[in-house]
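A.B. asks: Got a file for you: final26.cif, mmCIF, C-alpha atoms and all ligand atoms.
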data_query
loop_
_atom_site.label_atom_id
_atom_site.label_comp_id
_atom_site.auth_asym_id
_atom_site.auth_seq_id
_atom_site.Cartn_x
_atom_site.Cartn_y
_atom_site.Cartn_z
CA MET A 166 -78.26 -277.48 50.24
CA GLN A 167 -76.66 -279.82 47.72
CA LYS A 168 -73.20 -278.97 46.51
CA SER A 169 -72.43 -279.10 42.81
CA GLU A 170 -69.16 -280.57 41.57
CA PHE A 171 -69.03 -277.48 39.35
CA THR A 172 -67.89 -274.03 40.49
CA PRO A 173 -69.75 -271.02 39.06
CA ASP A 174 -66.83 -270.41 36.68
CA ASP A 175 -66.74 -274.07 35.57
CA SER A 176 -70.41 -273.73 34.65
CA LEU A 177 -69.82 -270.48 32.80
CA GLY A 178 -67.00 -272.14 30.86
CA LYS A 179 -69.24 -275.06 29.91
CA LEU A 180 -71.95 -272.72 28.60
CA LYS A 181 -69.40 -270.63 26.69
CA GLU A 182 -67.85 -273.70 25.05
CA GLY A 183 -71.26 -275.12 24.13
CA ASN A 184 -72.38 -271.84 22.60
CA ARG A 185 -69.14 -271.63 20.62
CA ARG A 186 -69.75 -275.10 19.17
CA TYR A 187 -73.34 -274.19 18.32
CA SER A 188 -72.64 -270.77 16.79
CA GLU A 189 -69.70 -272.08 14.77
CA ASN A 190 -71.90 -274.89 13.47
CA TYR A 191 -70.24 -277.95 14.98
CA PRO A 192 -72.61 -278.95 17.81
CA ARG A 193 -71.97 -282.29 19.55
CA HIS A 194 -75.52 -282.75 20.93
CA PRO A 195 -74.22 -284.27 24.18
CA ASN A 196 -76.33 -286.07 26.78
CA GLN A 197 -79.33 -286.65 24.56
CA ASP A 198 -79.36 -290.44 24.32
CA LEU A 199 -81.08 -293.25 26.17
CA SER A 200 -78.23 -293.78 28.63
CA ARG A 201 -78.36 -290.13 29.75
CA ARG A 202 -82.11 -290.34 30.17
CA LYS A 203 -81.69 -293.44 32.36
CA GLU A 204 -78.81 -291.92 34.32
CA THR A 205 -80.76 -288.76 35.19
CA ALA A 206 -84.06 -290.55 35.84
CA GLU A 207 -82.34 -292.82 38.35
CA GLY A 208 -79.60 -290.53 39.68
CA GLY A 209 -81.47 -287.22 39.77
CA GLN A 210 -80.63 -283.89 38.22
CA HIS A 211 -77.56 -281.76 38.88
CA PRO A 212 -77.88 -278.92 36.38
CA VAL A 213 -74.80 -276.72 36.00
CA ALA A 214 -76.84 -273.55 35.53
CA ALA A 215 -80.30 -272.06 35.96
CA VAL A 216 -81.20 -269.95 32.93
CA LEU A 217 -83.99 -267.38 32.81
CA ALA A 218 -84.70 -266.81 29.12
CA CYS A 219 -87.41 -265.48 26.80
CA ALA A 220 -90.15 -267.79 25.50
CA ASP A 221 -89.26 -266.73 21.93
CA SER A 222 -89.07 -269.82 19.69
CA ARG A 223 -85.75 -268.59 18.28
CA VAL A 224 -84.11 -268.92 21.70
CA PRO A 225 -84.00 -272.70 22.28
CA VAL A 226 -81.81 -272.64 25.35
CA GLU A 227 -80.50 -276.25 25.43
CA VAL A 228 -79.80 -276.07 21.69
CA LEU A 229 -77.87 -272.80 21.76
CA PHE A 230 -75.66 -274.00 24.62
CA ASP A 231 -75.27 -277.43 22.99
CA VAL A 232 -76.27 -279.33 26.13
CA GLY A 233 -78.73 -282.12 26.81
CA VAL A 234 -80.89 -283.83 29.39
CA GLY A 235 -80.24 -282.81 32.99
CA ASP A 236 -77.64 -280.18 32.07
CA ILE A 237 -79.42 -276.87 32.61
CA PHE A 238 -82.50 -275.74 34.54
CA VAL A 239 -84.44 -273.47 32.20
CA VAL A 240 -87.15 -270.96 33.11
CA ARG A 241 -88.75 -269.28 30.10
CA VAL A 242 -91.21 -266.41 29.95
CA ALA A 243 -91.79 -263.67 27.36
CA GLY A 244 -89.32 -260.84 27.95
CA ASN A 245 -87.35 -262.97 30.47
CA VAL A 246 -89.01 -261.06 33.31
CA ILE A 247 -88.74 -262.09 36.95
CA GLY A 248 -92.02 -262.60 38.79
CA ALA A 249 -92.55 -264.69 41.90
CA HIS A 250 -92.92 -267.93 39.91
CA GLN A 251 -89.70 -267.43 37.99
CA LEU A 252 -87.77 -266.41 41.10
CA GLY A 253 -89.17 -269.35 43.05
CA SER A 254 -88.06 -271.70 40.28
CA ILE A 255 -84.54 -270.27 40.33
CA GLU A 256 -84.38 -270.49 44.12
CA TYR A 257 -85.42 -274.13 43.85
CA ALA A 258 -82.51 -274.79 41.48
CA VAL A 259 -80.04 -272.99 43.77
CA GLU A 260 -81.26 -274.35 47.11
CA HIS A 261 -82.39 -277.85 46.21
CA LEU A 262 -80.28 -278.79 43.21
CA GLY A 263 -77.10 -276.94 44.16
CA THR A 264 -76.95 -275.09 40.84
CA PRO A 265 -73.87 -272.84 40.97
CA LEU A 266 -74.71 -270.38 38.17
CA VAL A 267 -77.77 -268.25 37.42
CA LEU A 268 -77.96 -266.66 33.98
CA VAL A 269 -80.46 -264.01 32.86
CA LEU A 270 -80.53 -264.32 29.08
CA GLY A 271 -82.07 -261.61 26.90
CA HIS A 272 -81.96 -261.76 23.12
CA THR A 273 -81.83 -259.51 20.07
CA LYS A 274 -85.08 -258.57 18.31
CA CYS A 275 -87.12 -259.50 21.41
CA GLY A 276 -90.80 -259.17 20.46
CA ALA A 277 -91.93 -258.60 24.05
CA VAL A 278 -89.55 -255.67 24.55
CA THR A 279 -90.38 -254.34 21.07
CA ALA A 280 -94.10 -254.39 21.87
CA VAL A 281 -93.58 -252.36 25.04
CA VAL A 282 -91.31 -249.90 23.22
CA GLU A 283 -93.93 -249.41 20.51
CA ALA A 284 -97.20 -249.67 22.43
CA GLY A 285 -96.42 -249.09 26.12
CA VAL A 286 -98.35 -251.12 28.69
CA LEU A 287 -100.41 -253.80 26.93
CA GLU A 288 -103.89 -255.11 27.69
CA GLY A 289 -105.41 -258.28 29.11
CA ASN A 290 -103.00 -260.90 30.35
CA LEU A 291 -100.12 -259.04 28.73
CA GLN A 292 -100.52 -256.18 31.17
CA ASP A 293 -98.42 -257.61 33.98
CA LEU A 294 -95.70 -258.78 31.58
CA SER A 295 -95.48 -255.39 29.91
CA GLU A 296 -95.42 -253.58 33.25
CA GLN A 297 -92.38 -255.68 34.18
CA ILE A 298 -90.55 -254.56 31.02
CA MET A 299 -91.64 -250.90 31.16
CA PRO A 300 -89.09 -249.67 33.79
CA ALA A 301 -86.18 -250.63 31.50
CA VAL A 302 -87.76 -248.79 28.53
CA LYS A 303 -88.36 -245.69 30.66
CA GLU A 304 -84.80 -245.79 31.98
CA VAL A 305 -83.33 -245.94 28.48
CA ARG A 306 -85.58 -243.07 27.31
CA THR A 307 -84.40 -240.92 30.20
CA GLU A 308 -80.71 -241.81 30.08
CA ASN A 309 -80.21 -242.12 26.33
CA PRO A 310 -82.52 -239.49 24.77
CA ASP A 311 -80.41 -239.37 21.58
CA ILE A 312 -80.76 -242.96 20.42
CA SER A 313 -83.61 -244.44 18.38
CA GLY A 314 -84.61 -247.43 16.23
CA ASP A 315 -82.61 -250.64 16.56
CA GLN A 316 -80.04 -248.98 18.80
CA PHE A 317 -82.80 -247.96 21.23
CA LEU A 318 -84.31 -251.44 21.21
CA ASP A 319 -80.92 -253.10 21.79
CA GLN A 320 -80.30 -250.83 24.76
CA CYS A 321 -83.76 -251.60 26.20
CA ILE A 322 -83.08 -255.34 25.89
CA LYS A 323 -79.78 -254.95 27.72
CA THR A 324 -81.23 -252.67 30.41
CA ASN A 325 -84.10 -255.13 30.89
CA VAL A 326 -81.57 -257.89 31.67
CA LEU A 327 -79.83 -255.63 34.21
CA THR A 328 -83.20 -254.68 35.76
CA VAL A 329 -84.15 -258.35 36.08
CA MET A 330 -80.78 -259.10 37.69
CA ALA A 331 -81.20 -256.19 40.14
CA ASN A 332 -84.73 -257.30 41.01
CA SER A 333 -83.49 -260.84 41.61
CA PHE A 334 -81.14 -259.49 44.26
CA ARG A 335 -83.79 -257.20 45.76
CA LYS A 336 -86.46 -259.90 46.02
CA SER A 337 -84.40 -262.94 46.93
CA ALA A 338 -82.45 -263.39 50.15
CA CYS A 339 -81.38 -266.76 48.73
CA ILE A 340 -79.66 -265.12 45.75
CA ARG A 341 -78.12 -262.33 47.85
CA GLU A 342 -76.66 -264.73 50.42
CA ASN A 343 -75.35 -267.26 47.91
CA VAL A 344 -73.75 -264.59 45.72
CA LYS A 345 -72.23 -262.89 48.77
CA ASN A 346 -70.60 -266.09 49.99
CA GLY A 347 -69.46 -267.11 46.50
CA THR A 348 -71.59 -270.27 46.26
CA ILE A 349 -73.26 -269.00 43.08
CA LYS A 350 -72.72 -266.35 40.42
CA LEU A 351 -75.52 -264.33 38.82
CA VAL A 352 -74.62 -263.15 35.32
CA GLY A 353 -76.40 -261.55 32.39
CA ALA A 354 -76.05 -262.07 28.64
CA ILE A 355 -77.68 -261.29 25.31
CA TYR A 356 -78.20 -263.98 22.68
CA ASP A 357 -77.97 -262.83 19.07
CA ILE A 358 -80.66 -264.75 17.17
CA GLU A 359 -78.86 -264.17 13.87
CA SER A 360 -75.22 -265.08 14.63
CA GLY A 361 -76.11 -267.59 17.35
CA GLN A 362 -73.48 -265.97 19.58
CA ILE A 363 -73.83 -264.82 23.17
CA ASP A 364 -72.69 -261.38 24.27
CA TRP A 365 -71.67 -262.00 27.90
CA MET A 366 -72.40 -259.08 30.22
CA GLY A 367 -70.90 -260.57 33.38
CA THR A 368 -72.11 -259.78 36.88
CA HIS A 369 -74.26 -256.75 37.72
CA PRO A 370 -72.15 -253.57 38.04
CA ASN A 371 -73.86 -252.74 41.37
CA GLU A 372 -73.75 -256.28 42.71
CA VAL A 373 -72.02 -255.42 45.99
CA SER A 374 -74.58 -252.80 47.03
CA LEU A 375 -77.49 -254.94 45.77
CA CYS A 376 -76.32 -257.80 48.00
CA GLU A 377 -76.44 -255.70 51.17
ZN ZN B 1 -88.05 -262.18 23.56
#
Translate the structure of the given file into structure tokens.
Ligand SMILES: [Zn+2]
C.D. replies:
Amino acid sequence: MQKSEFTPDDSLGKLKEGNRRYSENYPRHPNQDLSRRKETAEGGQHPVAAVLACADSRVPVEVLFDVGVGDIFVVRVAGNVIGAHQLGSIEYAVEHLGTPLVLVLGHTKCGAVTAVVEAGVLEGNLQDLSEQIMPAVKEVRTENPDISGDQFLDQCIKTNVLTVMANSFRKSACIRENVKNGTIKLVGAIYDIESGQIDWMGTHPNEVSLCE
């Protein structure tokens, strides 16, 4: 396994700083010129984080963290769900690129989560996606029977991130081992598509038992 020059907390700091620049409207657009392209084409990639995010066009991951070429390893799928392909991609980043941070990034007003809240399991090729999101919606219905509307949706989006994080531990020995020995951190967050800010959720509250 390659070792990054960044610690998990260094990476987190870099993402937080970049998002602050972006949300406060003074982005620097680093690492987006010809020299960076040459440097990474010849020297390889050493991304500081692997980010699992929604495919929503309002969640442009490199833009909202104000980073450029070779900086972050991004996996995008509607509802930021974790199937075998997504997990395999993240394991590749961790094992082969030495990426020290894994971020599961949900976002406000997520259409995929909204669709499942409103219509349940969907048809055709949306079936598998919606089945991945459904457990979080059911959990919120059971545990928060008093909330509705936007508050309900926001809670589903947050619970979906936690569910994806928990499933990442359950399905990946690579993630469990690397989190346990401190090589990587797995954190969750919600991106607000209106303010441009990230609400950082930190590590999973049950991380220790999930790593066993
Ligand atoms: Zn979404």
A.B. asks: Using all atoms listed in the file, which residues sit within 12 Å of segment 305-310 of chain A once same-chain residues fewer than 5 positions away are excluded, as a PyMOL selection string?
C.D. replies: chain A and resi 282+298-300+316-325+327-328
A.B. asks: Kindly indicate which residue among A:Asp174, A:Asp293, A:Asp364, A:Asp221 lies nearest to ligand ZN 1 (chain B), using only C-alpha atoms and all ligand atoms for the distances.
C.D. replies: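 Closest to ligand ZN 1 (chain B) of all the choices is A:Asp221.
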A.B. asks: Identify, on the basis of all atoms listed in the file, every residue whose closest approach to Gly233 of chain A does not exceed 12 Å; exclude the query and any residue fewer than 5 positions from it along the same chain; express the result as a PDB file with C-alpha atoms, keeping the file's coordinate frame.
C.D. replies:
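Saved result, out.pdb, follows:
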ATOM      1  CA  LEU A 180     -71.950-272.720  28.600  1.00  0.00           C
ATOM      2  CA  GLY A 183     -71.260-275.120  24.130  1.00  0.00           C
ATOM      3  CA  PRO A 192     -72.610-278.950  17.810  1.00  0.00           C
ATOM      4  CA  ARG A 193     -71.970-282.290  19.550  1.00  0.00           C
ATOM      5  CA  HIS A 194     -75.520-282.750  20.930  1.00  0.00           C
ATOM      6  CA  PRO A 195     -74.220-284.270  24.180  1.00  0.00           C
ATOM      7  CA  ASN A 196     -76.330-286.070  26.780  1.00  0.00           C
ATOM      8  CA  GLN A 197     -79.330-286.650  24.560  1.00  0.00           C
ATOM      9  CA  ASP A 198     -79.360-290.440  24.320  1.00  0.00           C
ATOM     10  CA  LEU A 199     -81.080-293.250  26.170  1.00  0.00           C
ATOM     11  CA  SER A 200     -78.230-293.780  28.630  1.00  0.00           C
ATOM     12  CA  ARG A 201     -78.360-290.130  29.750  1.00  0.00           C
ATOM     13  CA  ARG A 202     -82.110-290.340  30.170  1.00  0.00           C
ATOM     14  CA  THR A 205     -80.760-288.760  35.190  1.00  0.00           C
ATOM     15  CA  GLN A 210     -80.630-283.890  38.220  1.00  0.00           C
ATOM     16  CA  PRO A 212     -77.880-278.920  36.380  1.00  0.00           C
ATOM     17  CA  VAL A 213     -74.800-276.720  36.000  1.00  0.00           C
ATOM     18  CA  PRO A 225     -84.000-272.700  22.280  1.00  0.00           C
ATOM     19  CA  VAL A 226     -81.810-272.640  25.350  1.00  0.00           C
ATOM     20  CA  GLU A 227     -80.500-276.250  25.430  1.00  0.00           C
ATOM     21  CA  VAL A 228     -79.800-276.070  21.690  1.00  0.00           C
ATOM     22  CA  PHE A 238     -82.500-275.740  34.540  1.00  0.00           C
ATOM     23  CA  VAL A 239     -84.440-273.470  32.200  1.00  0.00           C
TER      24      VAL A 239
END
A.B. asks: Which protein, DNA or RNA residues have an atom within 6 Å of ligand ZN 1 (chain B), counting only C-alpha atoms and all ligand atoms, as a list in words?
C.D. replies: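 Checking only C-alpha atoms and all ligand atoms against ligand ZN 1 (chain B) at 6 Å gives Cys219, Asp221, Ala243, Gly244, Cys275, Gly276 and Ala277 of chain A.
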A.B. asks: Taking only C-alpha atoms into account, name the residue in A:Asn371, A:Thr348, A:Asn184, A:Asn190 that is nearest to Val267 of chain A.
C.D. replies: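 Distance minimum relative to Val267 of chain A lands on A:Thr348.
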A.B. asks: Do a neighbour search on segment 271-274 of chain A at 7 Å with all atoms listed in the file, toss out local chain neighbours closer than 6 positions, and write the hits as a list in words.
C.D. replies: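 Counting only the stated atoms, we get Ala218, Cys219, Asn245, Asp319, Ile322, Val326, Ala354, Ile355, Tyr356, Asp357 and Ile358 of chain A.
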A.B. asks: For a test of reading the model, state the distance in Å between atom CA of Arg223 of chain A and atom CA of Val281 of chain A, rounded to one decimal.
C.D. replies: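 Computing it gives 19.2 Å between the two atoms.
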A.B. asks: With distances taken over all atoms listed in the file, which of A:Asn290, A:Ser337, A:Ala301, A:Thr264 is nearest to Val278 of chain A?
C.D. replies: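 Smallest separation from Val278 of chain A among the options: A:Ala301.
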A.B. asks: For Ser374 of chain A, work out the shell of residues within 12 Å, counting all atoms listed in the file and skipping chain neighbours fewer than 5 positions away, then give it as a PDB file with C-alpha atoms, keeping the file's coordinate frame.
C.D. replies:
ATOM      1  CA  ALA A 331     -81.200-256.190  40.140  1.00  0.00           C
ATOM      2  CA  PHE A 334     -81.140-259.490  44.260  1.00  0.00           C
ATOM      3  CA  ARG A 335     -83.790-257.200  45.760  1.00  0.00           C
ATOM      4  CA  ARG A 341     -78.120-262.330  47.850  1.00  0.00           C
ATOM      5  CA  VAL A 344     -73.750-264.590  45.720  1.00  0.00           C
ATOM      6  CA  LYS A 345     -72.230-262.890  48.770  1.00  0.00           C
ATOM      7  CA  HIS A 369     -74.260-256.750  37.720  1.00  0.00           C
TER       8      HIS A 369
END
A.B. asks: With distances taken over only C-alpha atoms, which residue among A:Glu342, A:Glu296, A:Asp311, A:Glu182 lies nearest Val373 of chain A?
C.D. replies: A:Glu342
A.B. asks: Select, from A:Leu270, A:Leu287, A:Leu375, A:Glu204, the residue with the minimum atom-to-atom distance to Ala338 of chain A, counting all atoms listed in the file.
C.D. replies: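 That would be A:Leu375, the residue with the smallest distance to Ala338 of chain A.
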A.B. asks: Kindly indicate which residue among A:His211, A:Ser333, A:His261, A:Gly314 lies nearest to Gly248 of chain A, using all atoms listed in the file for the distances.
C.D. replies: A:Ser333
A.B. asks: In Å, with one decimal, what is the gap from atom CA of His250 of chain A to atom CA of Leu294 of chain A?
C.D. replies: 12.7 Å
A.B. asks: Between atom CA of Val242 of chain A and atom CA of Val329 of chain A, what is the distance, to one decimal in Å?
C.D. replies: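 According to the coordinates, atom CA of Val242 of chain A and atom CA of Val329 of chain A are separated by 12.3 Å.
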